[in-house]
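Student: For reference, this is start_10.txt, and it has compact mmCIF, C-alpha atoms.
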```txt
# COMPACT_ATOMS: atom_id res chain seq x y z
CA MET A 1 40.16 -22.41 -12.06
CA SER A 2 43.87 -21.91 -11.40
CA PRO A 3 45.11 -19.92 -8.40
CA SER A 4 45.96 -17.08 -10.76
CA THR A 5 42.47 -16.92 -12.24
CA PRO A 6 41.06 -13.43 -11.66
CA LYS A 7 38.17 -13.40 -9.19
CA VAL A 8 35.50 -10.73 -9.21
CA LEU A 9 32.95 -10.27 -6.45
CA ILE A 10 29.71 -8.62 -7.56
CA LEU A 11 27.31 -7.40 -4.90
CA THR A 12 23.87 -6.83 -6.33
CA GLN A 13 20.31 -8.11 -6.37
CA GLU A 14 19.23 -11.04 -8.51
CA PHE A 15 17.35 -8.92 -11.03
CA ASP A 16 19.90 -6.45 -12.28
CA PRO A 17 20.01 -6.37 -16.09
CA THR A 18 22.99 -4.04 -16.02
CA VAL A 19 25.08 -6.73 -14.37
CA ASP A 20 24.12 -9.75 -16.48
CA PRO A 21 26.07 -8.80 -19.66
CA VAL A 22 29.13 -8.09 -17.52
CA VAL A 23 28.85 -11.50 -15.86
CA LYS A 24 28.72 -13.11 -19.31
CA SER A 25 31.68 -11.07 -20.48
CA LEU A 26 33.74 -12.00 -17.42
CA MET A 27 32.93 -15.69 -17.74
CA SER A 28 33.82 -15.68 -21.43
CA ARG A 29 37.35 -14.75 -20.45
CA ASP A 30 37.51 -17.38 -17.67
CA VAL A 31 37.23 -14.93 -14.81
CA GLU A 32 35.74 -16.46 -11.66
CA VAL A 33 32.58 -14.55 -10.79
CA ILE A 34 31.05 -14.56 -7.33
CA ARG A 35 27.70 -12.76 -7.50
CA VAL A 36 25.83 -12.41 -4.23
CA ASP A 37 23.12 -10.23 -2.77
CA LEU A 38 23.28 -8.98 0.79
CA SER A 39 19.73 -10.32 1.25
CA TYR A 40 21.38 -13.77 1.32
CA PHE A 41 22.88 -12.82 4.69
CA PRO A 42 22.75 -14.52 7.14
CA SER A 43 20.84 -17.58 5.94
CA LYS A 44 22.75 -18.25 2.71
CA LEU A 45 25.84 -16.11 3.03
CA VAL A 46 28.60 -16.44 5.60
CA PHE A 47 31.51 -14.10 6.21
CA THR A 48 34.46 -15.06 8.38
CA THR A 49 37.71 -13.37 9.23
CA SER A 50 40.15 -14.80 11.72
CA ASP A 51 43.82 -14.87 12.59
CA PHE A 52 43.55 -17.62 15.20
CA ASP A 53 44.74 -20.27 12.78
CA GLY A 54 46.49 -18.45 10.01
CA ASP A 55 45.17 -15.20 8.61
CA ARG A 56 42.02 -15.55 6.54
CA ARG A 57 39.11 -13.55 5.26
CA GLN A 58 36.44 -15.63 3.63
CA LEU A 59 33.01 -15.59 2.10
CA LEU A 60 30.97 -18.80 1.94
CA HIS A 61 28.05 -19.13 -0.45
CA ARG A 62 26.43 -22.27 -1.92
CA GLY A 63 29.31 -24.40 -0.71
CA ARG A 64 31.88 -22.16 -2.39
CA ARG A 65 34.53 -20.71 -0.12
CA VAL A 66 36.04 -17.52 -1.49
CA ASP A 67 39.29 -16.07 -0.20
CA LEU A 68 38.53 -12.35 -0.09
CA ASP A 69 42.24 -11.54 -0.21
CA SER A 70 42.45 -13.18 -3.64
CA LEU A 71 39.86 -10.94 -5.29
CA SER A 72 40.82 -8.89 -8.32
CA ALA A 73 37.92 -6.52 -7.89
CA VAL A 74 34.62 -5.84 -6.18
CA TRP A 75 31.74 -4.37 -8.18
CA TYR A 76 29.33 -2.82 -5.71
CA ARG A 77 26.05 -2.42 -7.56
CA ARG A 78 22.64 -2.56 -5.95
CA PRO A 79 22.41 -5.18 -3.22
CA THR A 80 19.21 -5.33 -1.21
CA ALA A 81 18.98 -5.37 2.56
CA PHE A 82 19.81 -8.25 4.88
CA VAL A 83 16.97 -10.64 5.67
CA PHE A 84 16.98 -11.69 9.28
CA ASN A 85 14.99 -14.20 11.28
CA SER A 86 11.35 -13.13 11.08
CA GLN A 87 10.86 -13.77 14.80
CA MET A 88 13.13 -10.89 15.74
CA THR A 89 11.57 -7.81 17.30
CA GLU A 90 12.17 -4.41 15.74
CA ALA A 91 14.88 -3.66 18.27
CA GLU A 92 16.51 -7.01 17.66
CA LEU A 93 16.39 -6.44 13.91
CA GLN A 94 17.98 -3.04 14.31
CA PHE A 95 20.78 -4.49 16.42
CA ALA A 96 21.36 -7.36 13.99
CA ARG A 97 21.38 -5.00 11.03
CA ASN A 98 23.87 -2.63 12.61
CA GLU A 99 26.15 -5.50 13.60
CA ALA A 100 26.03 -6.89 10.07
CA LEU A 101 26.67 -3.53 8.44
CA HIS A 102 29.66 -2.98 10.69
CA GLY A 103 31.07 -6.50 10.45
CA ILE A 104 30.57 -7.14 6.74
CA GLY A 105 31.37 -3.57 5.80
CA GLY A 106 34.59 -3.77 7.75
CA ILE A 107 35.63 -7.13 6.32
CA LEU A 108 34.98 -6.02 2.75
CA ARG A 109 36.63 -2.66 3.32
CA GLY A 110 39.76 -4.54 4.33
CA THR A 111 40.22 -6.02 0.88
CA GLU A 112 43.01 -4.38 -1.08
CA CYS A 113 41.55 -5.02 -4.52
CA LEU A 114 39.92 -2.63 -6.99
CA TRP A 115 36.45 -1.36 -6.01
CA VAL A 116 33.97 -0.06 -8.54
CA ASN A 117 33.05 1.94 -6.51
CA ARG A 118 33.42 1.72 -2.79
CA PRO A 119 29.99 2.52 -1.31
CA ASP A 120 31.41 4.97 1.18
CA VAL A 121 33.10 6.78 -1.69
CA ASP A 122 29.82 6.78 -3.63
CA ALA A 123 28.03 8.23 -0.63
CA VAL A 124 30.24 11.30 -0.75
CA ALA A 125 30.60 11.59 -4.51
CA GLU A 126 26.86 11.70 -5.14
CA LEU A 127 26.30 14.69 -2.86
CA LYS A 128 25.15 17.43 -5.21
CA PRO A 129 26.05 20.40 -3.00
CA TYR A 130 29.53 18.95 -2.60
CA HIS A 131 30.31 17.95 -6.16
CA LEU A 132 28.80 21.15 -7.60
CA ARG A 133 31.12 23.17 -5.41
CA LEU A 134 34.04 20.95 -6.34
CA ALA A 135 33.26 21.21 -10.05
CA LYS A 136 33.08 24.98 -9.83
CA ARG A 137 36.42 25.10 -8.03
CA LEU A 138 37.97 22.99 -10.78
CA GLY A 139 36.87 25.46 -13.43
CA PHE A 140 33.67 23.95 -14.77
CA THR A 141 30.81 26.24 -15.64
CA VAL A 142 28.04 25.33 -13.20
CA PRO A 143 24.47 26.71 -13.12
CA ARG A 144 23.90 29.24 -10.36
CA THR A 145 22.33 27.26 -7.54
CA LEU A 146 20.22 27.95 -4.45
CA ILE A 147 20.04 25.20 -1.82
CA THR A 148 17.84 26.01 1.14
CA ASN A 149 14.80 25.27 3.27
CA ASP A 150 14.04 28.99 3.61
CA PRO A 151 10.85 29.90 1.69
CA ASP A 152 11.81 33.57 1.67
CA GLU A 153 15.00 32.81 -0.25
CA VAL A 154 13.04 30.88 -2.86
CA ARG A 155 10.31 33.52 -3.11
CA GLU A 156 12.95 36.19 -3.69
CA LEU A 157 14.73 34.13 -6.35
CA ILE A 158 11.60 33.28 -8.31
CA THR A 159 10.25 36.82 -8.29
CA THR A 160 13.53 38.54 -9.22
CA SER A 161 15.47 36.11 -11.38
CA ASP A 162 16.34 37.27 -14.88
CA ARG A 163 16.33 33.67 -16.09
CA PRO A 164 13.93 30.73 -15.67
CA ILE A 165 14.47 28.65 -12.54
CA VAL A 166 14.31 24.87 -12.22
CA TYR A 167 13.61 22.76 -9.17
CA LYS A 168 15.14 19.31 -8.87
CA ALA A 169 15.54 16.76 -6.11
CA PHE A 170 18.79 15.68 -4.49
CA SER A 171 17.65 12.07 -4.59
CA ALA A 172 16.06 10.22 -7.45
CA GLY A 173 12.45 11.04 -6.69
CA VAL A 174 9.63 11.00 -4.21
CA ILE A 175 8.32 7.85 -2.59
CA HIS A 176 4.57 7.49 -2.67
CA TYR A 177 4.27 3.94 -1.47
CA PRO A 178 5.83 1.81 1.23
CA GLY A 179 8.45 -0.18 -0.61
CA GLY A 180 7.93 1.82 -3.77
CA PHE A 181 10.70 3.29 -5.81
CA PRO A 182 11.60 6.92 -5.61
CA THR A 183 10.28 8.06 -8.93
CA GLY A 184 8.03 10.47 -10.74
CA LEU A 185 9.97 13.64 -10.10
CA TYR A 186 11.87 15.25 -12.91
CA THR A 187 13.62 18.57 -13.12
CA THR A 188 10.86 21.14 -13.45
CA ILE A 189 10.79 24.80 -14.45
CA VAL A 190 9.13 26.73 -11.65
CA GLY A 191 7.65 30.21 -11.88
CA LYS A 192 5.36 32.47 -9.92
CA GLU A 193 2.64 29.81 -10.03
CA VAL A 194 4.39 28.00 -7.17
CA LEU A 195 4.49 30.99 -4.85
CA ASP A 196 1.20 30.01 -3.19
CA HIS A 197 2.90 26.81 -2.02
CA VAL A 198 6.41 28.05 -1.48
CA ASP A 199 6.11 27.71 2.29
CA ARG A 200 6.44 23.97 1.75
CA VAL A 201 10.10 24.60 1.05
CA ARG A 202 10.57 24.78 4.81
CA HIS A 203 9.78 21.06 5.22
CA THR A 204 13.13 19.88 3.87
CA MET A 205 16.13 20.92 1.80
CA CYS A 206 15.44 22.01 -1.78
CA ILE A 207 17.69 22.77 -4.72
CA PHE A 208 16.94 25.39 -7.37
CA GLN A 209 19.10 26.30 -10.34
CA GLU A 210 19.02 28.73 -13.19
CA TYR A 211 17.72 27.11 -16.35
CA VAL A 212 20.49 26.86 -18.94
CA GLU A 213 19.60 27.09 -22.63
CA LYS A 214 20.65 23.92 -24.39
CA ALA A 215 21.80 22.93 -27.83
CA TYR A 216 22.06 19.33 -26.67
CA GLU A 217 23.19 17.32 -23.64
CA ILE A 218 25.96 14.87 -22.92
CA ARG A 219 25.71 11.77 -20.75
CA LEU A 220 29.32 10.87 -20.11
CA THR A 221 29.99 7.37 -18.76
CA VAL A 222 33.46 6.99 -17.29
CA ILE A 223 34.81 3.47 -16.78
CA GLY A 224 38.33 3.78 -15.44
CA ASN A 225 40.12 5.93 -17.98
CA THR A 226 37.73 5.12 -20.82
CA TYR A 227 35.19 7.80 -21.65
CA PHE A 228 31.89 7.22 -23.43
CA PRO A 229 30.36 10.64 -24.21
CA VAL A 230 26.86 10.22 -25.63
CA VAL A 231 25.00 13.12 -27.22
CA ILE A 232 21.35 13.33 -26.22
CA ASP A 233 19.38 15.51 -28.59
CA SER A 234 17.13 16.57 -25.76
CA GLN A 235 15.72 19.63 -27.52
CA SER A 236 14.14 17.57 -30.28
CA LYS A 237 11.28 16.36 -28.06
CA PRO A 238 9.12 18.27 -25.59
CA THR A 239 9.32 15.34 -23.18
CA THR A 240 13.11 15.60 -22.95
CA SER A 241 13.74 19.30 -23.31
CA VAL A 242 13.94 20.11 -19.59
CA ASP A 243 14.86 16.65 -18.26
CA TRP A 244 15.80 13.90 -20.68
CA ARG A 245 14.72 11.23 -18.21
CA GLY A 246 11.18 12.06 -19.29
CA GLU A 247 11.51 9.76 -22.27
CA ASN A 248 12.45 6.09 -22.31
CA MET A 249 13.56 5.93 -25.93
CA LEU A 250 15.97 8.79 -26.10
CA PRO A 251 16.75 10.93 -29.12
CA TYR A 252 20.49 10.68 -29.72
CA GLY A 253 22.73 13.02 -31.64
CA PRO A 254 25.91 12.27 -33.59
CA TYR A 255 29.01 11.41 -31.61
CA GLN A 256 30.95 14.40 -30.32
CA PRO A 257 34.23 13.76 -28.48
CA LEU A 258 34.77 15.91 -25.43
CA PRO A 259 37.17 18.83 -25.72
CA ASP A 260 40.54 18.29 -24.08
CA ASP A 261 39.92 20.85 -21.34
CA ILE A 262 36.66 19.15 -20.33
CA VAL A 263 38.42 15.78 -20.18
CA GLU A 264 41.21 17.24 -18.09
CA ARG A 265 38.80 18.85 -15.61
CA THR A 266 36.71 15.70 -15.44
CA GLN A 267 39.79 13.66 -14.59
CA ARG A 268 40.65 16.08 -11.81
CA LEU A 269 37.08 15.97 -10.51
CA LEU A 270 36.96 12.19 -10.46
CA THR A 271 40.38 12.04 -8.84
CA GLU A 272 39.11 14.23 -6.02
CA LEU A 273 35.95 12.14 -5.71
CA ASN A 274 38.08 8.97 -5.78
CA VAL A 275 35.63 7.10 -8.03
CA VAL A 276 36.58 4.59 -10.70
CA TYR A 277 33.16 4.63 -12.37
CA ALA A 278 30.85 7.62 -12.82
CA ALA A 279 28.08 8.96 -15.02
CA ILE A 280 28.26 12.70 -15.54
CA ASP A 281 25.73 15.02 -17.15
CA PHE A 282 26.59 18.12 -19.12
CA ILE A 283 24.58 20.69 -21.02
CA VAL A 284 26.13 22.07 -24.19
CA THR A 285 24.79 25.55 -24.82
CA PRO A 286 23.99 27.00 -28.26
CA SER A 287 27.33 28.81 -28.08
CA GLY A 288 29.13 25.51 -27.45
CA GLU A 289 29.90 25.97 -23.78
CA TYR A 290 29.92 22.87 -21.58
CA VAL A 291 27.91 23.28 -18.38
CA PHE A 292 28.41 20.71 -15.63
CA LEU A 293 25.20 19.41 -14.07
CA GLU A 294 26.01 16.49 -11.80
CA VAL A 295 27.88 13.27 -11.08
CA ASN A 296 26.07 10.00 -10.51
CA PRO A 297 28.63 7.49 -9.22
CA CYS A 298 26.17 4.61 -9.54
CA GLY A 299 24.37 5.58 -12.74
CA GLN A 300 22.97 3.06 -15.18
CA PHE A 301 24.62 2.58 -18.54
CA MET A 302 23.30 -0.53 -20.27
CA TRP A 303 20.61 1.41 -22.13
CA MET A 304 23.35 3.06 -24.21
CA GLN A 305 24.97 -0.27 -25.00
CA HIS A 306 21.66 -1.53 -26.36
CA ASP A 307 20.77 1.64 -28.20
CA LEU A 308 24.17 2.59 -29.62
CA GLY A 309 26.26 -0.57 -29.51
CA LEU A 310 28.82 0.88 -27.14
CA PRO A 311 31.06 -1.80 -25.55
CA LEU A 312 30.24 -0.76 -22.01
CA SER A 313 29.85 -4.18 -20.42
CA ASP A 314 33.11 -5.43 -21.94
CA THR A 315 34.90 -2.32 -20.71
CA ILE A 316 33.60 -2.85 -17.18
CA ALA A 317 34.63 -6.50 -17.43
CA ASP A 318 38.13 -5.52 -18.60
CA LEU A 319 38.51 -3.21 -15.64
CA LEU A 320 37.24 -5.75 -13.10
CA ALA A 321 39.34 -8.59 -14.49
CA LYS A 322 42.49 -6.49 -14.50
CA GLY A 323 41.94 -5.43 -10.90
CA GLY A 324 43.74 -2.81 -8.94
CA PRO A 325 45.32 -0.55 -8.13
CA PHE A 326 43.69 1.97 -10.41
CA THR A 327 45.26 5.27 -11.27
CA ARG A 328 43.58 8.09 -13.08
CA GLU A 329 46.91 9.40 -14.32
CA GLY A 330 46.83 7.25 -17.44
CA PRO A 331 45.75 8.54 -20.86
CA VAL A 332 42.03 8.87 -21.51
CA THR A 333 40.45 6.97 -24.37
CA GLN A 334 37.20 8.34 -25.78
CA VAL A 335 34.91 5.84 -27.46
CA GLY A 336 32.41 6.91 -30.08
CA TYR A 337 29.46 5.26 -31.78
CA MET B 1 34.33 13.14 5.39
CA SER B 2 33.46 9.74 3.99
CA SER B 3 33.85 8.03 7.32
CA VAL B 4 31.16 10.27 8.75
CA LEU B 5 28.66 10.09 5.93
CA ALA B 6 28.96 6.40 5.27
CA ARG B 7 29.27 4.78 8.63
CA PRO B 8 29.39 1.84 8.24
CA PRO B 9 30.69 1.59 4.68
CA LEU B 10 27.82 -0.36 3.14
CA ARG B 11 24.53 0.68 1.62
CA THR B 12 21.59 -1.34 0.42
CA ASN B 13 18.99 -0.63 -2.24
CA LEU B 14 15.34 -1.31 -2.77
CA SER B 15 14.56 -4.44 -4.74
CA MET B 16 13.63 -3.91 -8.38
CA THR B 17 11.13 -6.75 -8.17
CA GLN B 18 9.75 -6.97 -4.66
CA GLY B 19 7.77 -4.86 -2.25
CA HIS B 20 5.77 -2.74 -4.65
CA ASP B 21 2.21 -1.92 -3.76
CA PHE B 22 0.14 -0.54 -6.59
CA ASP B 23 -3.08 -0.41 -4.62
CA VAL B 24 -2.24 2.20 -2.05
CA PRO B 25 -3.79 5.50 -3.14
CA LEU B 26 -1.76 8.60 -3.79
CA PRO B 27 -1.22 10.71 -0.70
CA VAL B 28 -3.62 13.59 -0.28
CA ASP B 29 -2.12 16.95 -1.14
CA HIS B 30 -1.52 18.99 2.00
CA ASP B 31 0.68 21.83 3.18
CA GLY B 32 2.79 19.48 5.26
CA GLN B 33 4.16 17.78 2.16
CA PRO B 34 7.65 18.54 0.94
CA PHE B 35 7.79 21.05 -1.91
CA ALA B 36 8.81 18.29 -4.34
CA TYR B 37 5.39 16.65 -4.19
CA LEU B 38 3.89 19.58 -6.09
CA PHE B 39 5.61 18.19 -9.19
CA ALA B 40 5.48 14.46 -8.54
CA GLU B 41 3.74 11.99 -10.79
CA TRP B 42 3.24 8.32 -10.24
CA ASP B 43 2.84 5.91 -13.09
CA PRO B 44 4.37 2.61 -12.11
CA GLY B 45 3.32 0.78 -15.26
CA THR B 46 0.73 -1.76 -16.16
CA PRO B 47 0.12 -4.32 -13.45
CA THR B 48 -0.99 -6.88 -16.05
CA GLU B 49 2.61 -7.13 -17.13
CA LEU B 50 3.27 -8.72 -13.80
CA GLU B 51 1.19 -11.71 -14.82
CA GLN B 52 3.66 -12.69 -17.51
CA ASP B 53 6.27 -15.31 -16.89
CA VAL B 54 9.06 -12.98 -15.99
CA GLY B 55 11.72 -15.62 -15.50
CA HIS B 56 14.03 -16.37 -12.62
CA TYR B 57 17.54 -15.99 -11.33
CA ASP B 58 19.82 -18.88 -12.35
CA GLU B 59 22.24 -19.52 -9.52
CA GLU B 60 24.65 -21.46 -11.74
CA LEU B 61 24.79 -18.92 -14.55
CA GLN B 62 24.51 -16.05 -12.05
CA ILE B 63 22.23 -14.12 -14.38
CA TRP B 64 18.49 -13.59 -14.80
CA VAL B 65 16.89 -16.00 -17.26
CA THR B 66 13.63 -15.27 -19.06
CA PRO B 67 11.59 -17.60 -21.29
CA THR B 68 12.11 -15.39 -24.32
CA GLY B 69 15.64 -14.27 -23.60
CA ASP B 70 14.42 -10.71 -23.20
CA ILE B 71 14.11 -8.97 -19.87
CA THR B 72 10.76 -7.36 -19.27
CA LEU B 73 10.39 -7.60 -15.54
CA GLY B 74 11.42 -4.12 -14.72
CA VAL B 75 8.09 -2.52 -15.46
CA TYR B 76 8.40 -0.94 -12.05
CA THR B 77 11.51 0.87 -13.02
CA LYS B 78 11.02 0.83 -16.78
CA THR B 79 13.84 -1.63 -17.16
CA ASN B 80 13.07 -3.38 -20.39
CA THR B 81 16.32 -4.70 -21.73
CA GLY B 82 15.57 -6.58 -24.91
CA SER B 83 17.94 -8.48 -27.15
CA GLY B 84 16.13 -7.02 -30.13
CA CYS B 85 16.75 -3.51 -28.86
CA ALA B 86 13.05 -2.78 -29.08
CA GLY B 87 13.15 -1.77 -25.48
CA ALA B 88 16.31 -0.49 -23.91
CA ASP B 89 17.42 -0.68 -20.32
CA CYS B 90 15.67 2.54 -19.59
CA VAL B 91 17.09 5.54 -17.94
CA THR B 92 14.69 5.72 -15.05
CA ASP B 93 16.51 2.81 -13.47
CA ASP B 94 18.73 5.47 -12.05
CA ALA B 95 15.91 5.84 -9.55
CA CYS B 96 16.56 2.48 -7.97
CA PHE B 97 17.88 3.55 -4.63
```
Starting from the coordinates I provided, produce the structure as structure tokens.
Tutor:
Amino acid sequence: MSPSTPKVLILTQEFDPTVDPVVKSLMSRDVEVIRVDLSYFPSKLVFTTSDFDGDRRQLLHRGRRVDLDSLSAVWYRRPTAFVFNSQMTEAELQFARNEALHGIGGILRGTECLWVNRPDVDAVAELKPYHLRLAKRLGFTVPRTLITNDPDEVRELITTSDRPIVYKAFSAGVIHYPGGFPTGLYTTIVGKEVLDHVDRVRHTMCIFQEYVEKAYEIRLTVIGNTYFPVVIDSQSKPTTSVDWRGENMLPYGPYQPLPDDIVERTQRLLTELNVVYAAIDFIVTPSGEYVFLEVNPCGQFMWMQHDLGLPLSDTIADLLAKGGPFTREGPVTQVGY
Amino acid sequence: MSSVLARPPLRTNLSMTQGHDFDVPLPVDHDGQPFAYLFAEWDPGTPTELEQDVGHYDEELQIWVTPTGDITLGVYTKTNTGSGCAGADCVTDDACF
């Protein structure tokens, strides 16, 4: 590898099938890939920054020393937690974890390269109450929304609403098991049958929205300034009609490019959220209106590459290899299938 | 805002392959549960799939390698990326937080 060879740092766990095709794509164009998981720290992963003898920021893994200032890009995917010495007490583990989060987070944050996406940016962008408000301010049509832990508010909404109401979770799902995934919770239409249990709303924050009639839905994947709008024919199956995540093999519809005004608003939204990558969900109503549902700044995408042949992994690889700085002011390219 | 919500600026995720316990029973329904649990289902997949040779991470290639070339390990999250497109990298992987 020459000094000018692009270097891409990928932070994720070892089993991440979304990352593997991107790694292959990067290597095919002679990009140096450094893929590590945070669980390697501290036993197999060393970070050092010092200005005692020159100014250096380095990562050391499997004998490879990587100059963090020479990175083209960092792809922050789904790294798992640090694994510390098993003899540590809980208090010691907590201290070690906090020190590592601060130290490594600070070293990585100091890199000037492109981030897809910075985790602190993701943490803000994924906040539904925030990005719904932002989307509404930018002119998107957004379902009317109630966010509360007040059972009386929910009781009033369900008993008086002129339209069906859905409940959804802010996070991906509920956790039934220690170490288990949040799962098993889809957007659900709720009616008067839940009133007997509505007091449970007081236990934590809940989000309710008006149910919007759909012609079809759009999963928009944004990679830099390249847009991949995919039509999901959610109304063709009962398992996908309310929440298309209810089906693994999705019914797709023919490609429909986004209207210019939706692209323009989406660019403004993503500029405000400061994300380079995002997955965004829209409903398209029978009258053709686009209704914004949410932004997922860390959403999966490889299922659409496999199902529809979209060049998503190559587009991510292009972005990472090119590096920063990224500007959202460039023209948008929409890619069909 | 970001400096408050993400302090420090790192996050970690659950493993897609480790730490899953299929034997613990579902929690008993009670009024102390969050509202969401009224609608929750739990179907983590077929544990027998775990007995297959699911492959390993190749440190040189920096990718996951399976005996067949297809990825089937993600039964937990419905990840099932197959080269033959018989099983896509399924959408419920969005749940991997």
Student: How many Å lie between atom CA of A:Asp281 and atom CA of A:Leu132, rounded to one decimal?
Tutor: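 A separation of 11.8 Å between them.
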Student: Which residue is closest to A:Ala100? Choose from A:Gln87, A:Val275, A:Glu289, A:Phe47 and count only C-alpha atoms.
Tutor: A:Phe47
Student: Between A:Val23, A:Ala317, A:Leu138, A:Val230, which residue has the minimum interatomic distance to chain B, considering only C-alpha atoms?
Tutor: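 Among the listed residues, A:Val23 lies closest to chain B.
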Student: At a cut-off of 12 Å, using only C-alpha atoms, what residues contact A:Gly110? Leave out same-chain residues fewer than 5 positions from it and give the result as a list in words.
Tutor: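 Those residues are Thr49, Arg56, Arg57, Gln58, Leu68, Asp69, Leu71, Val74, Gly103, Ile104, Gly105, Trp115 and Arg118 of chain A; Pro9 of chain B.
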Student: What gap, in Å, lies between atom CA of A:Ala123 and atom CA of A:Ile280?
Tutor: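 Atom CA of A:Ile280 lies at a distance of 15.6 Å from atom CA of A:Ala123.
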Student: Counting all atoms listed in the file, figure out which residue out of A:Asn149, A:Thr160, A:Thr266, A:Gln300 gets nearest to B:Phe35.
Tutor: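 Counting all atoms listed in the file, the residue closest to B:Phe35 is A:Asn149.
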